[in-house]
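Notes to accompany the following structure.
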Amino acid sequence: MSYLGAAQSLVRARVYRVPTSGWAASDTSEPLSHFPPGFSTAIAVPMARARLSAVQSARLLIALAAFGTWAGLVLLVGGAVGTRVGVMTALAALATPALLNVHLSVLSEPLFLTSLVATLYGIVQMTDPGLRARGRRQWVGVRAAALTGLVIAAAVMLRYVGVAWLAAAVVAALIGPVDPRRRWLTRVFRCVLVTAPATGALAAWFVRSIRLAGPTSVREPGLYGNLGETAREGLSTVSGWLVPTGSGTSSQIVAAAIVIAAVALMASAWRQRRGGAAAVAWLRQNVSIDVYRSASLLTGVAIMGAAYLVVVVASRALADPNIPFDERMLAPLILLAEIGLGTTLALWWRGRGRVAQLAVGIVVAAWFVESGVTSAARVLYALDDGNDFAGSDWRDSPTVAWVKAPDGGMHRVLYTNWPAALYFRAGRASHDLPDVTDALTLRRFRERLERNHGVLVGFSAPNSDFASPDTLASILGLRPIARLSDGAVWELPSDSALSK
């Protein structure tokens, strides 16, 4: 809703506004601030140039981003350990349910994953120890830093968590090979090139958002607890990635075994890479493996993965308690892990015994089949019934039909627990509901309903972001004017007056 609504507002009025607002606001739209403007801006381009609808424009961008991500994986991994491994890694990513799922809805993740691959490529360029060994000039690392800085600026405008790519690129700029005569000058220059575009873009956006929507419009800093539940959700997400068709304790045990085996494989590959001149000479016998590039790729994966994990955990603890560790949030980590595992397997595979190769091959093949079947089922469901608010339960909602009816909510001011449903299915902007039920908030909410002659549209599907519509209606003494199979509509009694 925020992405599409802001894109429509940008095309029509040259401003970023979202088609919903808080219950205390006088307008049913508000400035975009909670999310950065990158995805909305990208959606607006085909809308303005090709006259596409907002949804069709988003679909086009998601498809192009998917192609860019998978093609980038082939080039990135293929350049380090061979084209065949690059293709296999890209196919594994394509089959991963967590990565597929973020491409089935209008989300910024597809473009963000493309920025991940592009940033990783830049980090590989900056940290490649073969630059000096191949006699390459040092300006290649500087050029990579400049291009990476532009990619990261786009990433932070897509998602605020893109600052993780900024942190990783700064580390890469500091540890990358340099000319001994200009060691610190080169490092500082690369850091400036990496950081300047992103910090400039973020600063401009934060100043604009604070000026229009207040200092807490982006995120409200604080110390938020209950991290244990979020961590358990993250472990469940990882377990679902490693064991796509399983659930419960057994799947978690299998997932733990896979993690242990993967760590052992990585350690083995690392020892092999550190085995001195003999190991390097042995690897070079396989012309498809670039020893320097593969080492730099694994280093980049480790830096980006660690930076992303730190930023996500810090954001959950200090900025937003509603950040879930679900498939959407952990999709970048999953993609980085698959890049690292694909590269590691390629380094480990050569020279291993048939039994070891067969055992690992069976595990990988079983995972690929399970993931592919799970992903295919999700695609078929999306094509058959619709995904998210395109689903039949929302399309055929009697509550939405009441809002669209001329004698229903067409001409009323709406307050609801699902603003996105009314935006997508009824084409209406609306206010949300209070998230607390203290006496002062309830009194002011009642005043707002009376002043605007508003109605409370409550869907039966719960939304943890807001107080229950039934609870609000009961406490405020609202009169039901429509009871439907998937919700209800309430208004203040006709004789209600605050003075009484």
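A note on labels: chains of the structure tokens are A, B, ... as shown, every chain counts residues from 1, and ligands are counted from 1 in their shown order.
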Practice task
Name all residues at most 7 Å from Lys404 (chain A) (count only C-alpha atoms; drop same-chain ones fewer than 5 positions away) and give them as number ranges by chain.
Solution key: A: 409-410, 426
Exercise for the section: Compile the contact shell of Leu10 (chain A) as a list of chain:residue names: residues with an atom at most 12 Å away, counting only C-alpha atoms, same-chain residues fewer than 3 positions apart removed. Expected result: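 Close residues of Leu10 (chain A): A:Ser2, A:Tyr3, A:Leu4, A:Gly5, A:Ala6, A:Ala7, A:Ala13, A:Arg14, A:Val15, A:Tyr16, A:Arg17, A:Val18, A:Pro31, A:Leu32, A:Pro37, A:Gly38, A:Phe39, A:Ser40, A:Thr41, A:Ala42, A:Ile43, A:Ala44, A:Val45, A:Met47, A:Ala48, A:Ala54.
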Practice task
Find the residues around region 376-386 of chain A up to 9 Å (only C-alpha atoms counted), leave out those fewer than 5 positions away in its own chain, and share them as a PyMOL selection string.
Solution key: chain A and resi 95+97+100-101+104+371+391-393
Please save C-alpha atoms of the selected residues as an mmCIF file, in the first residue's frame.
```cif
data_model
loop_
_atom_site.group_PDB
_atom_site.id
_atom_site.type_symbol
_atom_site.label_atom_id
_atom_site.label_comp_id
_atom_site.auth_asym_id
_atom_site.auth_seq_id
_atom_site.Cartn_x
_atom_site.Cartn_y
_atom_site.Cartn_z
ATOM 1 C CA ALA A 95 14.033 -22.772 -6.001
ATOM 2 C CA PRO A 97 10.847 -20.714 -1.039
ATOM 3 C CA LEU A 100 10.599 -16.865 -4.195
ATOM 4 C CA ASN A 101 8.047 -15.641 -1.685
ATOM 5 C CA LEU A 104 5.107 -12.896 -5.160
ATOM 6 C CA SER A 371 12.541 -26.571 -2.151
ATOM 7 C CA GLY A 391 -6.612 -13.559 -2.472
ATOM 8 C CA SER A 392 -10.234 -14.586 -2.893
ATOM 9 C CA ASP A 393 -11.025 -13.950 0.790
#
```
Handout entry: Residue nearest Asp326 (chain A) among A:Ala204, A:Ala439, A:Val400, A:Leu99 (counting only C-alpha atoms)
Key =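 Going through A:Ala204, A:Ala439, A:Val400, A:Leu99 one by one, the smallest distance to Asp326 (chain A) is for A:Leu99.
Take the candidates A:Val171, A:Leu335, A:Leu484, A:Leu309 and check each one against Thr114 (chain A) using only C-alpha atoms; the shortest distance goes to A:Leu335.
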Exercise for the section: Mind listing the helix (DSSP H, G or I) residues of region 93-128 of chain A, per DSSP on the backbone, as a PyMOL selection string? Expected result: chain A and resi 93-95+97-101+109-127
Problem - Who sits within 9 Å of Tyr308 (chain A), only C-alpha atoms, same chain under 4 positions skipped, as a list in words - result: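 Residues meeting the cut-off are Val161, Gly162, Val163, Ala164, Trp165, Ala167, Ala168, Ile303, Met304, Val312, Val313, Pro332 and Leu333 of chain A.
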Completion exercise
Nearest to Phe424 (chain A), restricted to only C-alpha atoms and choosing among A:Asp388, A:Leu492, A:Thr237, A:Pro129, comes out as A:Asp388
Exercise for the section: Write out as a PyMOL selection string each polymer residue whose atoms come within 9 Å of Arg316 (chain A), counting only C-alpha atoms; drop sequence neighbours fewer than 6 positions from it. Expected result: chain A and resi 224-225+227+230+322-324
Go ahead and save the residues from that selection, with N, CA, C and O atoms, as a PDB file, in the first residue's frame.
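Once everything was written out, this is out_27.pdb:
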```
ATOM      1  N   TYR A 224      13.896  -1.885  23.147  1.00  0.00           N
ATOM      2  CA  TYR A 224      12.769  -2.808  23.051  1.00  0.00           C
ATOM      3  C   TYR A 224      13.217  -4.223  23.425  1.00  0.00           C
ATOM      4  O   TYR A 224      14.219  -4.727  22.904  1.00  0.00           O
ATOM      5  N   GLY A 225      12.461  -4.830  24.306  1.00  0.00           N
ATOM      6  CA  GLY A 225      12.804  -6.170  24.775  1.00  0.00           C
ATOM      7  C   GLY A 225      12.119  -7.265  23.989  1.00  0.00           C
ATOM      8  O   GLY A 225      11.792  -7.113  22.812  1.00  0.00           O
ATOM      9  N   LEU A 227      13.332 -10.037  22.918  1.00  0.00           N
ATOM     10  CA  LEU A 227      14.137 -10.504  21.794  1.00  0.00           C
ATOM     11  C   LEU A 227      14.090 -12.018  21.655  1.00  0.00           C
ATOM     12  O   LEU A 227      14.347 -12.547  20.574  1.00  0.00           O
ATOM     13  N   THR A 230      11.554 -13.121  19.084  1.00  0.00           N
ATOM     14  CA  THR A 230      12.022 -12.784  17.744  1.00  0.00           C
ATOM     15  C   THR A 230      13.120 -13.742  17.301  1.00  0.00           C
ATOM     16  O   THR A 230      13.166 -14.161  16.144  1.00  0.00           O
ATOM     17  N   ASN A 322       8.556  -4.191  16.080  1.00  0.00           N
ATOM     18  CA  ASN A 322       7.718  -4.995  15.185  1.00  0.00           C
ATOM     19  C   ASN A 322       8.489  -5.631  14.046  1.00  0.00           C
ATOM     20  O   ASN A 322       7.885  -6.232  13.152  1.00  0.00           O
ATOM     21  N   ILE A 323       9.817  -5.485  14.030  1.00  0.00           N
ATOM     22  CA  ILE A 323      10.608  -6.129  12.981  1.00  0.00           C
ATOM     23  C   ILE A 323      10.607  -7.636  13.218  1.00  0.00           C
ATOM     24  O   ILE A 323      11.098  -8.108  14.242  1.00  0.00           O
ATOM     25  N   PRO A 324      10.050  -8.425  12.291  1.00  0.00           N
ATOM     26  CA  PRO A 324      10.044  -9.879  12.472  1.00  0.00           C
ATOM     27  C   PRO A 324      11.257 -10.512  11.798  1.00  0.00           C
ATOM     28  O   PRO A 324      11.775  -9.987  10.808  1.00  0.00           O
TER      29      PRO A 324
END
```
Handout entry: Interatomic distance (Å, one decimal) between CA of Thr399 (chain A) and CA of Arg59 (chain A)
Key =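 One can read the CA of Thr399 (chain A) to CA of Arg59 (chain A) distance as 27.4 Å.
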